[in-house]
$ cat query-v8.cif   # mmCIF, C-alpha atoms
data_upload
loop_
_atom_site.label_atom_id
_atom_site.label_comp_id
_atom_site.auth_asym_id
_atom_site.auth_seq_id
_atom_site.Cartn_x
_atom_site.Cartn_y
_atom_site.Cartn_z
CA MET A 1 -36.04 73.21 -135.66
CA GLY A 2 -34.27 74.87 -138.55
CA ASP A 3 -36.78 73.40 -140.96
CA LEU A 4 -39.66 74.85 -139.00
CA ILE A 5 -38.13 78.32 -139.14
CA TRP A 6 -37.74 78.02 -142.90
CA ILE A 7 -41.35 76.92 -143.29
CA PHE A 8 -42.44 79.97 -141.31
CA VAL A 9 -40.24 82.45 -143.18
CA SER A 10 -41.15 80.95 -146.54
CA ALA A 11 -44.89 81.29 -145.91
CA LEU A 12 -44.48 84.74 -144.38
CA LEU A 13 -42.25 86.43 -146.95
CA VAL A 14 -41.16 84.41 -149.96
CA ASN A 15 -44.40 82.63 -150.82
CA ASN A 16 -46.66 85.23 -149.27
CA PHE A 17 -50.25 84.06 -149.75
CA THR A 18 -51.58 87.40 -150.89
CA LEU A 19 -48.67 88.82 -152.83
CA ALA A 20 -47.34 85.67 -154.50
CA TYR A 21 -50.37 83.36 -154.71
CA PHE A 22 -53.13 86.02 -154.96
CA LEU A 23 -55.19 84.30 -152.27
CA GLY A 24 -57.56 86.36 -150.15
CA LEU A 25 -57.61 89.25 -152.58
CA CYS A 26 -61.24 90.24 -151.95
CA PRO A 27 -60.62 91.37 -148.36
CA PHE A 28 -57.17 92.58 -149.44
CA LEU A 29 -58.77 95.15 -151.74
CA GLY A 30 -62.03 95.52 -149.84
CA VAL A 31 -61.09 96.30 -146.26
CA SER A 32 -57.57 97.63 -146.59
CA GLY A 33 -58.81 101.22 -146.40
CA LYS A 34 -57.94 101.59 -142.73
CA LEU A 35 -54.92 100.23 -140.93
CA GLN A 36 -56.82 99.17 -137.82
CA THR A 37 -59.52 97.12 -139.53
CA ALA A 38 -56.92 95.55 -141.79
CA PHE A 39 -54.95 94.44 -138.75
CA ARG A 40 -57.98 92.95 -137.04
CA LEU A 41 -59.00 91.04 -140.13
CA GLY A 42 -55.47 89.67 -140.27
CA LEU A 43 -55.74 88.44 -136.69
CA ALA A 44 -59.05 86.72 -137.40
CA ASN A 45 -57.40 85.10 -140.40
CA ILE A 46 -54.52 83.68 -138.36
CA PHE A 47 -57.00 82.31 -135.87
CA VAL A 48 -59.15 80.46 -138.39
CA MET A 49 -56.08 79.29 -140.34
CA LEU A 50 -54.64 77.58 -137.26
CA ILE A 51 -57.88 75.73 -136.59
CA THR A 52 -58.29 74.79 -140.25
CA ALA A 53 -54.75 73.47 -140.49
CA ALA A 54 -55.33 71.22 -137.48
CA CYS A 55 -58.64 69.92 -138.89
CA ALA A 56 -57.16 69.44 -142.36
CA TYR A 57 -54.37 67.34 -140.88
CA VAL A 58 -56.81 65.14 -138.98
CA LEU A 59 -59.07 64.71 -142.02
CA ASN A 60 -56.18 64.02 -144.32
CA THR A 61 -54.63 61.30 -142.16
CA TRP A 62 -57.74 59.45 -141.08
CA VAL A 63 -60.53 60.08 -143.58
CA LEU A 64 -59.22 61.10 -146.99
CA VAL A 65 -56.98 58.06 -147.26
CA TYR A 66 -60.11 56.04 -147.89
CA ALA A 67 -62.09 58.58 -149.91
CA PRO A 68 -59.84 61.08 -151.72
CA TYR A 69 -62.75 62.45 -153.79
CA LEU A 70 -64.27 63.90 -150.62
CA ARG A 71 -61.31 66.23 -150.11
CA LEU A 72 -62.83 69.50 -151.33
CA ILE A 73 -66.27 68.93 -149.86
CA SER A 74 -64.97 67.90 -146.46
CA PHE A 75 -62.51 70.80 -146.28
CA ILE A 76 -65.14 73.37 -147.14
CA ILE A 77 -67.57 71.97 -144.58
CA VAL A 78 -64.87 71.91 -141.91
CA ILE A 79 -63.97 75.53 -142.64
CA ALA A 80 -67.57 76.71 -142.54
CA SER A 81 -68.30 74.92 -139.29
CA SER A 82 -65.05 75.88 -137.61
CA VAL A 83 -65.70 79.52 -138.37
CA GLN A 84 -69.14 79.13 -136.82
CA PHE A 85 -67.61 77.39 -133.81
CA VAL A 86 -64.93 80.04 -133.35
CA GLU A 87 -67.61 82.67 -133.51
CA MET A 88 -69.65 81.05 -130.75
CA ALA A 89 -66.63 80.30 -128.58
CA LEU A 90 -65.27 83.84 -128.85
CA LYS A 91 -68.64 85.32 -128.03
CA LYS A 92 -68.66 83.35 -124.80
CA LEU A 93 -64.98 83.49 -123.83
CA SER A 94 -63.80 86.88 -124.99
CA PRO A 95 -66.61 89.28 -125.95
CA ASP A 96 -64.11 92.11 -126.48
CA LEU A 97 -62.19 90.29 -129.19
CA PHE A 98 -65.48 89.13 -130.70
CA LYS A 99 -66.69 92.69 -130.93
CA ALA A 100 -63.39 93.87 -132.41
CA LEU A 101 -63.53 91.28 -135.19
CA GLY A 102 -67.18 91.98 -135.95
CA ILE A 103 -68.43 91.08 -139.41
CA PHE A 104 -65.02 89.88 -140.60
CA LEU A 105 -65.24 86.61 -138.73
CA PRO A 106 -68.18 85.07 -140.67
CA LEU A 107 -66.85 86.46 -143.94
CA ILE A 108 -63.69 84.43 -143.56
CA THR A 109 -65.60 81.31 -144.67
CA THR A 110 -65.49 82.47 -148.26
CA ASN A 111 -61.88 83.59 -148.10
CA CYS A 112 -59.84 81.57 -150.56
CA ALA A 113 -56.71 81.89 -148.42
CA ILE A 114 -58.18 79.49 -145.86
CA LEU A 115 -59.09 76.74 -148.33
CA GLY A 116 -55.80 77.40 -150.11
CA LEU A 117 -53.93 76.82 -146.87
CA ALA A 118 -55.67 73.50 -146.24
CA LEU A 119 -54.94 72.35 -149.80
CA PHE A 120 -51.32 73.50 -149.91
CA SER A 121 -50.35 72.07 -146.56
CA THR A 122 -51.86 68.66 -147.33
CA ASN A 123 -50.32 68.71 -150.83
CA LYS A 124 -46.92 69.33 -149.30
CA GLY A 125 -47.42 66.44 -146.90
CA TYR A 126 -46.75 68.47 -143.78
CA GLY A 127 -47.11 66.78 -140.40
CA PHE A 128 -49.08 68.31 -137.55
CA VAL A 129 -46.40 70.65 -136.14
CA GLU A 130 -45.19 71.69 -139.59
CA GLY A 131 -48.78 72.34 -140.65
CA MET A 132 -49.39 74.58 -137.65
CA ILE A 133 -46.19 76.55 -138.27
CA TYR A 134 -47.13 76.88 -141.94
CA ALA A 135 -50.57 78.19 -140.95
CA LEU A 136 -49.00 80.67 -138.54
CA GLY A 137 -46.58 81.93 -141.21
CA ALA A 138 -49.28 82.16 -143.88
CA GLY A 139 -51.63 84.02 -141.54
CA ALA A 140 -48.91 86.41 -140.47
CA GLY A 141 -48.05 86.93 -144.15
CA VAL A 142 -51.64 87.82 -145.03
CA THR A 143 -51.74 90.22 -142.07
CA LEU A 144 -48.46 91.81 -143.14
CA ALA A 145 -49.66 92.31 -146.71
CA LEU A 146 -52.99 93.75 -145.54
CA ALA A 147 -51.28 96.14 -143.12
CA LEU A 148 -48.76 97.29 -145.73
CA LEU A 149 -51.40 98.05 -148.33
CA ALA A 150 -53.64 99.75 -145.77
CA GLY A 151 -50.72 101.92 -144.66
CA VAL A 152 -50.02 103.06 -148.21
CA ARG A 153 -53.71 103.60 -148.92
CA GLU A 154 -54.09 105.81 -145.88
CA GLU A 155 -51.36 108.01 -147.33
CA THR A 156 -52.83 108.09 -150.83
CA ARG A 157 -56.07 109.53 -149.53
CA ILE A 158 -54.46 112.96 -149.17
CA LEU A 159 -52.74 112.79 -152.56
CA ASN A 160 -54.13 114.24 -155.73
CA ILE A 161 -54.61 111.13 -157.86
CA PRO A 162 -55.97 111.52 -161.42
CA LYS A 163 -59.60 110.48 -161.58
CA VAL A 164 -59.20 107.68 -164.13
CA ILE A 165 -56.84 105.71 -161.91
CA GLN A 166 -58.69 106.11 -158.60
CA GLY A 167 -60.25 103.09 -156.89
CA THR A 168 -59.29 99.52 -157.63
CA ALA A 169 -56.87 100.43 -160.41
CA ILE A 170 -54.46 102.37 -158.20
CA ASN A 171 -54.79 99.79 -155.39
CA LEU A 172 -53.78 97.01 -157.76
CA ILE A 173 -50.79 98.96 -159.01
CA ILE A 174 -49.71 99.68 -155.41
CA ALA A 175 -50.14 95.97 -154.64
CA GLY A 176 -48.01 95.17 -157.68
CA ILE A 177 -45.19 97.37 -156.41
CA ILE A 178 -45.37 95.82 -152.92
CA SER A 179 -45.39 92.37 -154.50
CA MET A 180 -42.32 93.31 -156.56
CA ALA A 181 -40.53 94.35 -153.38
CA PHE A 182 -41.43 91.02 -151.79
CA MET A 183 -39.88 89.16 -154.69
CA GLY A 184 -36.54 90.30 -153.36
CA PHE A 185 -37.01 87.85 -150.49
CA ALA A 186 -36.74 84.97 -152.94
CA GLY A 187 -32.99 85.45 -152.69
CA LEU A 188 -33.15 84.15 -149.12
CA PHE A 189 -33.49 80.61 -150.45
CA SER A 190 -30.92 80.65 -153.21
CA SER A 191 -28.10 79.40 -151.02
CA MET B 1 -95.16 90.98 -179.02
CA ASN B 2 -94.64 88.88 -175.93
CA GLU B 3 -92.44 86.48 -177.76
CA ILE B 4 -90.19 89.24 -179.01
CA GLU B 5 -89.94 90.69 -175.54
CA GLU B 6 -89.03 87.31 -174.11
CA LYS B 7 -86.38 86.81 -176.72
CA SER B 8 -84.80 90.18 -176.11
CA LYS B 9 -84.83 89.54 -172.37
CA ALA B 10 -83.05 86.23 -172.90
CA ALA B 11 -80.49 87.90 -175.13
CA GLN B 12 -79.93 90.53 -172.48
CA GLU B 13 -79.29 87.93 -169.77
CA PHE B 14 -76.60 86.50 -172.00
CA LEU B 15 -75.03 89.76 -173.13
CA LYS B 16 -74.83 91.50 -169.76
CA GLY B 17 -72.08 89.13 -168.61
CA LEU B 18 -69.93 90.00 -171.59
CA TRP B 19 -69.68 93.71 -171.06
CA LYS B 20 -72.08 95.58 -168.80
CA GLU B 21 -71.66 93.28 -165.79
CA ASN B 22 -68.38 91.67 -166.75
CA PRO B 23 -67.41 89.71 -163.62
CA ILE B 24 -63.76 90.80 -163.56
CA PHE B 25 -63.66 94.28 -165.05
CA VAL B 26 -66.91 95.65 -163.66
CA SER B 27 -67.89 93.69 -160.55
CA VAL B 28 -64.27 92.73 -159.68
CA LEU B 29 -65.26 89.19 -158.63
CA GLY B 30 -63.18 86.06 -158.89
CA MET B 31 -59.85 87.82 -158.75
CA CYS B 32 -57.66 85.07 -157.33
CA PRO B 33 -57.75 82.85 -160.42
CA ALA B 34 -57.78 85.90 -162.68
CA LEU B 35 -54.35 86.88 -161.43
CA ALA B 36 -52.81 83.62 -160.27
CA VAL B 37 -52.98 81.49 -163.40
CA THR B 38 -52.93 84.08 -166.18
CA ASN B 39 -49.20 83.90 -166.79
CA THR B 40 -49.75 82.10 -170.11
CA ALA B 41 -52.63 82.23 -172.58
CA ILE B 42 -53.18 78.46 -172.43
CA ASN B 43 -53.52 78.46 -168.65
CA SER B 44 -55.96 81.38 -168.83
CA LEU B 45 -58.09 79.56 -171.38
CA ALA B 46 -58.05 76.30 -169.39
CA MET B 47 -59.04 78.10 -166.22
CA GLY B 48 -61.80 79.96 -168.06
CA LEU B 49 -63.22 76.73 -169.48
CA ALA B 50 -63.02 74.92 -166.13
CA THR B 51 -64.91 77.78 -164.48
CA THR B 52 -67.44 77.75 -167.33
CA PHE B 53 -68.17 74.08 -166.75
CA VAL B 54 -68.60 74.48 -162.99
CA LEU B 55 -70.74 77.61 -163.29
CA LEU B 56 -72.99 76.13 -165.96
CA CYS B 57 -73.55 72.80 -164.19
CA SER B 58 -74.16 74.34 -160.77
CA SER B 59 -76.54 76.94 -162.24
CA ILE B 60 -78.58 74.21 -163.89
CA LEU B 61 -78.71 72.10 -160.74
CA VAL B 62 -79.48 75.00 -158.43
CA SER B 63 -82.26 76.33 -160.63
CA LEU B 64 -83.76 72.81 -160.84
CA LEU B 65 -83.58 72.30 -157.09
CA LYS B 66 -84.53 75.83 -156.06
CA SER B 67 -87.92 74.82 -154.66
CA ILE B 68 -86.51 71.85 -152.71
CA ILE B 69 -83.56 73.56 -151.00
CA PRO B 70 -84.64 75.05 -147.65
CA LYS B 71 -83.86 78.74 -147.36
CA GLN B 72 -81.86 78.50 -144.13
CA VAL B 73 -79.22 76.15 -145.50
CA ARG B 74 -79.16 77.37 -149.10
CA ILE B 75 -75.60 78.73 -149.06
CA THR B 76 -74.27 75.46 -147.68
CA ALA B 77 -76.24 73.55 -150.30
CA TYR B 78 -74.85 75.75 -153.09
CA ILE B 79 -71.31 75.30 -151.84
CA ILE B 80 -71.68 71.52 -151.74
CA ILE B 81 -73.10 71.48 -155.28
CA ILE B 82 -70.24 73.67 -156.50
CA ALA B 83 -67.64 71.58 -154.68
CA THR B 84 -69.00 68.43 -156.32
CA PHE B 85 -68.61 69.84 -159.82
CA VAL B 86 -65.17 71.23 -159.02
CA THR B 87 -64.13 67.74 -157.92
CA VAL B 88 -65.38 66.44 -161.28
CA VAL B 89 -63.31 69.03 -163.16
CA ASP B 90 -60.28 68.38 -160.98
CA PHE B 91 -60.32 64.62 -161.62
CA GLY B 92 -61.26 65.09 -165.28
CA LEU B 93 -58.34 67.42 -165.98
CA ALA B 94 -55.95 65.15 -164.09
CA ALA B 95 -57.03 62.24 -166.29
CA PHE B 96 -57.13 63.91 -169.71
CA THR B 97 -54.66 66.79 -169.61
CA PRO B 98 -52.17 66.04 -166.81
CA ALA B 99 -49.77 68.78 -168.01
CA ILE B 100 -52.36 71.55 -167.59
CA HIS B 101 -53.58 70.03 -164.33
CA LYS B 102 -50.05 70.24 -162.98
CA GLU B 103 -49.63 73.85 -164.10
CA LEU B 104 -52.88 75.02 -162.53
CA GLY B 105 -52.31 72.95 -159.38
CA ALA B 106 -54.40 73.82 -156.36
CA PHE B 107 -56.06 76.69 -158.22
CA ILE B 108 -58.53 74.30 -159.85
CA ALA B 109 -59.71 73.24 -156.40
CA LEU B 110 -59.93 76.90 -155.45
CA ILE B 111 -62.70 77.43 -158.03
CA VAL B 112 -64.96 76.39 -155.12
CA VAL B 113 -64.39 79.69 -153.37
CA ASN B 114 -64.61 81.80 -156.53
CA CYS B 115 -67.13 84.41 -155.41
CA LEU B 116 -68.38 84.73 -159.00
CA ILE B 117 -69.92 81.24 -158.96
CA LEU B 118 -71.57 81.44 -155.55
CA GLY B 119 -72.71 84.96 -156.38
CA ARG B 120 -74.52 83.84 -159.56
CA GLN B 121 -76.30 81.02 -157.67
CA GLU B 122 -77.50 83.39 -154.97
CA ALA B 123 -78.35 86.29 -157.25
CA PHE B 124 -79.72 84.53 -160.31
CA ALA B 125 -80.06 80.74 -160.54
CA SER B 126 -82.00 80.45 -157.28
CA LYS B 127 -84.65 82.84 -158.58
CA ASN B 128 -84.98 82.10 -162.29
CA SER B 129 -85.98 79.31 -164.65
CA VAL B 130 -83.49 76.75 -165.93
CA GLY B 131 -83.34 78.30 -169.41
CA LEU B 132 -82.57 81.81 -168.20
CA SER B 133 -80.04 80.46 -165.68
CA ILE B 134 -78.20 78.66 -168.46
CA LEU B 135 -78.05 81.86 -170.52
CA ASP B 136 -76.89 83.87 -167.51
CA ALA B 137 -74.23 81.30 -166.62
CA LEU B 138 -73.02 81.14 -170.23
CA GLY B 139 -72.83 84.92 -170.54
CA MET B 140 -70.96 85.30 -167.27
CA SER B 141 -68.50 82.54 -168.11
CA VAL B 142 -67.82 83.86 -171.58
CA GLY B 143 -67.22 87.26 -170.00
CA PHE B 144 -64.93 85.68 -167.42
CA THR B 145 -62.96 83.69 -170.01
CA PHE B 146 -62.68 86.80 -172.20
CA ALA B 147 -61.31 88.78 -169.26
CA MET B 148 -58.87 85.98 -168.39
CA LEU B 149 -57.53 86.05 -171.96
CA CYS B 150 -57.33 89.87 -171.87
CA ILE B 151 -55.01 89.54 -168.89
CA GLY B 152 -53.24 86.34 -169.94
CA MET B 153 -52.32 87.13 -173.55
CA PRO B 154 -50.46 90.43 -172.98
CA ARG B 155 -48.71 88.86 -169.97
CA GLU B 156 -47.43 85.97 -172.08
CA ILE B 157 -46.51 88.19 -175.04
CA LEU B 158 -44.51 90.61 -172.88
CA GLY B 159 -43.24 88.09 -170.34
CA SER B 160 -42.03 85.30 -172.59
CA GLY B 161 -42.35 86.74 -176.11
CA SER B 162 -44.82 84.08 -177.26
CA LEU B 163 -48.55 83.48 -177.61
CA PHE B 164 -50.13 80.04 -176.97
CA ASN B 165 -46.52 78.78 -176.78
CA ILE B 166 -45.75 80.01 -180.33
CA PRO B 167 -42.74 82.37 -180.31
CA LEU B 168 -43.64 85.76 -181.77
CA PHE B 169 -40.39 87.65 -181.87
CA GLY B 170 -36.86 86.76 -182.91
CA ASP B 171 -34.02 85.95 -180.53
CA SER B 172 -33.27 89.62 -180.05
CA PHE B 173 -36.43 90.08 -177.92
CA GLU B 174 -35.62 90.52 -174.25
CA PRO B 175 -38.62 89.20 -172.26
CA TRP B 176 -40.05 91.30 -169.42
CA VAL B 177 -39.80 88.52 -166.89
CA VAL B 178 -41.71 90.53 -164.30
CA MET B 179 -44.90 90.20 -166.36
CA ILE B 180 -45.16 86.43 -165.84
CA LEU B 181 -44.26 86.76 -162.15
CA PRO B 182 -46.89 87.74 -159.52
CA PRO B 183 -46.39 91.54 -159.73
CA GLY B 184 -47.15 91.39 -163.46
CA GLY B 185 -50.65 90.14 -162.69
CA PHE B 186 -51.35 93.06 -160.40
CA PHE B 187 -49.96 95.56 -162.93
CA MET B 188 -51.83 94.10 -165.89
CA LEU B 189 -55.23 94.12 -164.16
CA GLY B 190 -54.50 97.58 -162.73
CA PHE B 191 -53.80 98.98 -166.18
CA LEU B 192 -56.80 97.22 -167.74
CA LEU B 193 -59.09 98.74 -165.09
CA LEU B 194 -57.48 102.09 -165.77
CA GLY B 195 -58.37 101.66 -169.43
CA PHE B 196 -61.96 100.79 -168.53
CA ASN B 197 -62.27 103.86 -166.30
CA TRP B 198 -60.83 106.06 -169.00
CA TYR B 199 -63.27 104.70 -171.58
CA ALA B 200 -66.28 105.11 -169.27
CA GLN B 201 -65.29 108.68 -168.47
CA ARG B 202 -64.74 109.63 -172.08
CA LYS B 203 -68.16 108.26 -172.97
CA LYS B 204 -69.70 110.38 -170.23
CA VAL B 205 -67.92 113.52 -171.40
CA LEU B 206 -69.05 112.93 -175.00
CA LYS B 207 -72.63 112.45 -173.82
CA VAL B 208 -72.59 115.74 -171.90
CA LYS B 209 -71.15 117.54 -174.93
CA SER B 210 -73.76 116.19 -177.31
CA THR B 211 -76.70 117.29 -175.17
#

$ encode --input "query-v8.cif" --output "structure tokens"
Amino acid sequence: MGDLIWIFVSALLVNNFTLAYFLGLCPFLGVSGKLQTAFRLGLANIFVMLITAACAYVLNTWVLVYAPYLRLISFIIVIASSVQFVEMALKKLSPDLFKALGIFLPLITTNCAILGLALFSTNKGYGFVEGMIYALGAGAGVTLALALLAGVREETRILNIPKVIQGTAINLIIAGIISMAFMGFAGLFSS
Amino acid sequence: MNEIEEKSKAAQEFLKGLWKENPIFVSVLGMCPALAVTNTAINSLAMGLATTFVLLCSSILVSLLKSIIPKQVRITAYIIIIATFVTVVDFGLAAFTPAIHKELGAFIALIVVNCLILGRQEAFASKNSVGLSILDALGMSVGFTFAMLCIGMPREILGSGSLFNIPLFGDSFEPWVVMILPPGGFFMLGFLLLGFNWYAQRKKVLKVKST
């Protein structure tokens, strides 16, 4: 049990996917303009990550043992089809959530955080439960980072920022400061 | 006349990737590897070359197969082609340079989802001849590798006081450790983009003044 909590906290704070591994940066910089959309994208991320982690575990135990060179291709196909499947299922089961997620759901296919999750969790040799907890922590971490940056960006809109630094430049520097703050969490594991 | 025009067009396809449409500084594509593995100059160069190989090979294959691939499944087909070449690079690096392979880790596999590569297939290789696609791919990858080194070299110089593992300063140099840690990547790219903006604006001001 204790191990599982550490896996969760580690993926959420210490090895945050966005702020420490730079995964999923495109949406991080693209859609973090508004807090609400950022939050929804985060939720969609968690959702797909959980499914991917389960599929990656199944593939890794039963298929890739025999054909390790198929790893990348099979993962990417699984991600693309599971996103498609989630899209169809949500449309049928919960139209409200489907509407709220909108365009972000299909775009998740090309999000490197998802493939990164599948690769990292199989590299670390996590079992099924550990893999799911890892996915949950990583997804929550991405959501947290997105929400934090969106919050700061909403504030910067009313500030008088010099023209040369507007746009991606200032967002990256803000992200750098948030990432620096997150490095403080590394101390959690020193003991 | 036509020949000259063709030549200058070809040169343009190559040169646009270097500066005018530089994938990292101008279109801001392929950011994950640009920030994640640029903590030393060697890693930046290795990542740049790996991406070059994948981009070049997939561009050639896609432009050869462009009339065979059905339109509806083209993205899937591109991704599978890219994933195949990334697997080649992954296994190749593991066999020949295990040290670099270990340093780059899962980020080599993540070249698959580098939007730069898929973007070039969709926007260029699927519409143009093999020759032009090769030039476009080469230009983009040289631009990408150049940008990686622009981020990687200052990070290594400031963060560990060396360049390509050769120490530059004496023992008295106190390294800025933060530069080789994740925040350093964000700061470095942020400041480089700031520089680009400043340059573009100054050029505009000078143009207005001269007219």

$ resolve_selection --input "query-v8.cif" --expression "the PyMOL selection byres ((chain A and resi 24) around 12)" --output "count of residues only"
48

$ interface_residues --input "query-v8.cif" --of "chain B" --to "chain A" --cutoff "7 Å" --atoms "only C-alpha atoms" --output "mmCIF file with C-alpha atoms, in the coordinates of the input"
data_model
loop_
_atom_site.group_PDB
_atom_site.id
_atom_site.type_symbol
_atom_site.label_atom_id
_atom_site.label_comp_id
_atom_site.auth_asym_id
_atom_site.auth_seq_id
_atom_site.Cartn_x
_atom_site.Cartn_y
_atom_site.Cartn_z
ATOM 1 C CA MET B 31 -59.850 87.820 -158.750
ATOM 2 C CA CYS B 32 -57.660 85.070 -157.330
ATOM 3 C CA LEU B 35 -54.350 86.880 -161.430
ATOM 4 C CA ALA B 36 -52.810 83.620 -160.270
ATOM 5 C CA ILE B 80 -71.680 71.520 -151.740
ATOM 6 C CA ALA B 83 -67.640 71.580 -154.680
ATOM 7 C CA THR B 87 -64.130 67.740 -157.920
ATOM 8 C CA ALA B 106 -54.400 73.820 -156.360
ATOM 9 C CA LEU B 110 -59.930 76.900 -155.450
ATOM 10 C CA VAL B 113 -64.390 79.690 -153.370
ATOM 11 C CA PRO B 182 -46.890 87.740 -159.520
ATOM 12 C CA PRO B 183 -46.390 91.540 -159.730
ATOM 13 C CA GLY B 184 -47.150 91.390 -163.460
ATOM 14 C CA PHE B 186 -51.350 93.060 -160.400
ATOM 15 C CA PHE B 187 -49.960 95.560 -162.930
ATOM 16 C CA GLY B 190 -54.500 97.580 -162.730
ATOM 17 C CA PHE B 191 -53.800 98.980 -166.180
ATOM 18 C CA LEU B 193 -59.090 98.740 -165.090
ATOM 19 C CA LEU B 194 -57.480 102.090 -165.770
ATOM 20 C CA ASN B 197 -62.270 103.860 -166.300
ATOM 21 C CA TRP B 198 -60.830 106.060 -169.000
#

$ resolve_selection --input "query-v8.cif" --expression "the PyMOL selection byres ((chain A and resi 128) around 9)" --output "PyMOL selection string"
chain A and resi 53-54+57-58+126-127+129-133

$ residues_near_point --input "query-v8.cif" --point "(-68.5, 70.9, -164.8)" --cutoff "9 Å" --atoms "all atoms listed in the file" --output "list in words"
Ala50, Thr51, Thr52, Phe53, Val54, Leu55, Leu56, Cys57, Ser58, Ile82, Thr84, Phe85, Val86, Thr87, Val88 and Val89 of chain B

$ write_last_selection --input "query-v8.cif" --atoms "C-alpha atoms" --output "PDB file, keeping the file's coordinate frame"
ATOM      1  CA  ALA B  50     -63.020  74.920-166.130  1.00  0.00           C
ATOM      2  CA  THR B  51     -64.910  77.780-164.480  1.00  0.00           C
ATOM      3  CA  THR B  52     -67.440  77.750-167.330  1.00  0.00           C
ATOM      4  CA  PHE B  53     -68.170  74.080-166.750  1.00  0.00           C
ATOM      5  CA  VAL B  54     -68.600  74.480-162.990  1.00  0.00           C
ATOM      6  CA  LEU B  55     -70.740  77.610-163.290  1.00  0.00           C
ATOM      7  CA  LEU B  56     -72.990  76.130-165.960  1.00  0.00           C
ATOM      8  CA  CYS B  57     -73.550  72.800-164.190  1.00  0.00           C
ATOM      9  CA  SER B  58     -74.160  74.340-160.770  1.00  0.00           C
ATOM     10  CA  ILE B  82     -70.240  73.670-156.500  1.00  0.00           C
ATOM     11  CA  THR B  84     -69.000  68.430-156.320  1.00  0.00           C
ATOM     12  CA  PHE B  85     -68.610  69.840-159.820  1.00  0.00           C
ATOM     13  CA  VAL B  86     -65.170  71.230-159.020  1.00  0.00           C
ATOM     14  CA  THR B  87     -64.130  67.740-157.920  1.00  0.00           C
ATOM     15  CA  VAL B  88     -65.380  66.440-161.280  1.00  0.00           C
ATOM     16  CA  VAL B  89     -63.310  69.030-163.160  1.00  0.00           C
TER      17      VAL B  89
END

$ atom_distance --input "query-v8.cif" --atom1 "CA of Val65 in chain A" --atom2 "CA of Ser121 in chain A"
15.5 Å

$ resolve_selection --input "query-v8.cif" --expression "the PyMOL selection byres ((chain B and resi 149) around 9)" --output "PDB file with C-alpha atoms, in the frame of the given file"
ATOM      1  CA  THR B  38     -52.930  84.080-166.180  1.00  0.00           C
ATOM      2  CA  THR B  40     -49.750  82.100-170.110  1.00  0.00           C
ATOM      3  CA  ALA B  41     -52.630  82.230-172.580  1.00  0.00           C
ATOM      4  CA  ILE B  42     -53.180  78.460-172.430  1.00  0.00           C
ATOM      5  CA  SER B  44     -55.960  81.380-168.830  1.00  0.00           C
ATOM      6  CA  LEU B  45     -58.090  79.560-171.380  1.00  0.00           C
ATOM      7  CA  GLY B  48     -61.800  79.960-168.060  1.00  0.00           C
ATOM      8  CA  PHE B 144     -64.930  85.680-167.420  1.00  0.00           C
ATOM      9  CA  THR B 145     -62.960  83.690-170.010  1.00  0.00           C
ATOM     10  CA  PHE B 146     -62.680  86.800-172.200  1.00  0.00           C
ATOM     11  CA  ALA B 147     -61.310  88.780-169.260  1.00  0.00           C
ATOM     12  CA  MET B 148     -58.870  85.980-168.390  1.00  0.00           C
ATOM     13  CA  CYS B 150     -57.330  89.870-171.870  1.00  0.00           C
ATOM     14  CA  ILE B 151     -55.010  89.540-168.890  1.00  0.00           C
ATOM     15  CA  GLY B 152     -53.240  86.340-169.940  1.00  0.00           C
ATOM     16  CA  MET B 153     -52.320  87.130-173.550  1.00  0.00           C
ATOM     17  CA  PRO B 154     -50.460  90.430-172.980  1.00  0.00           C
TER      18      PRO B 154
END

$ closest_residue --input "query-v8.cif" --among "B:Val177, B:Ile100, B:Ala95, B:Ile81" --to "Ser63 in chain B" --atoms "only C-alpha atoms"
B:Ile81

$ closest_residue --input "query-v8.cif" --among "A:Leu97, A:Thr122, A:Gln36, A:Phe8" --to "Leu64 in chain A" --atoms "all atoms listed in the file"
A:Thr122

$ atom_distance --input "query-v8.cif" --atom1 "CA of Arg40 in chain A" --atom2 "CA of Phe185 in chain A"
25.4 Å

$ closest_residue --input "query-v8.cif" --among "B:Ser210, B:Ile68, B:Val37, B:Thr97" --to "Leu181 in chain B" --atoms "all atoms listed in the file"
B:Val37

$ atom_distance --input "query-v8.cif" --atom1 "CA of Glu154 in chain A" --atom2 "CA of Ala11 in chain A"
26.2 Å
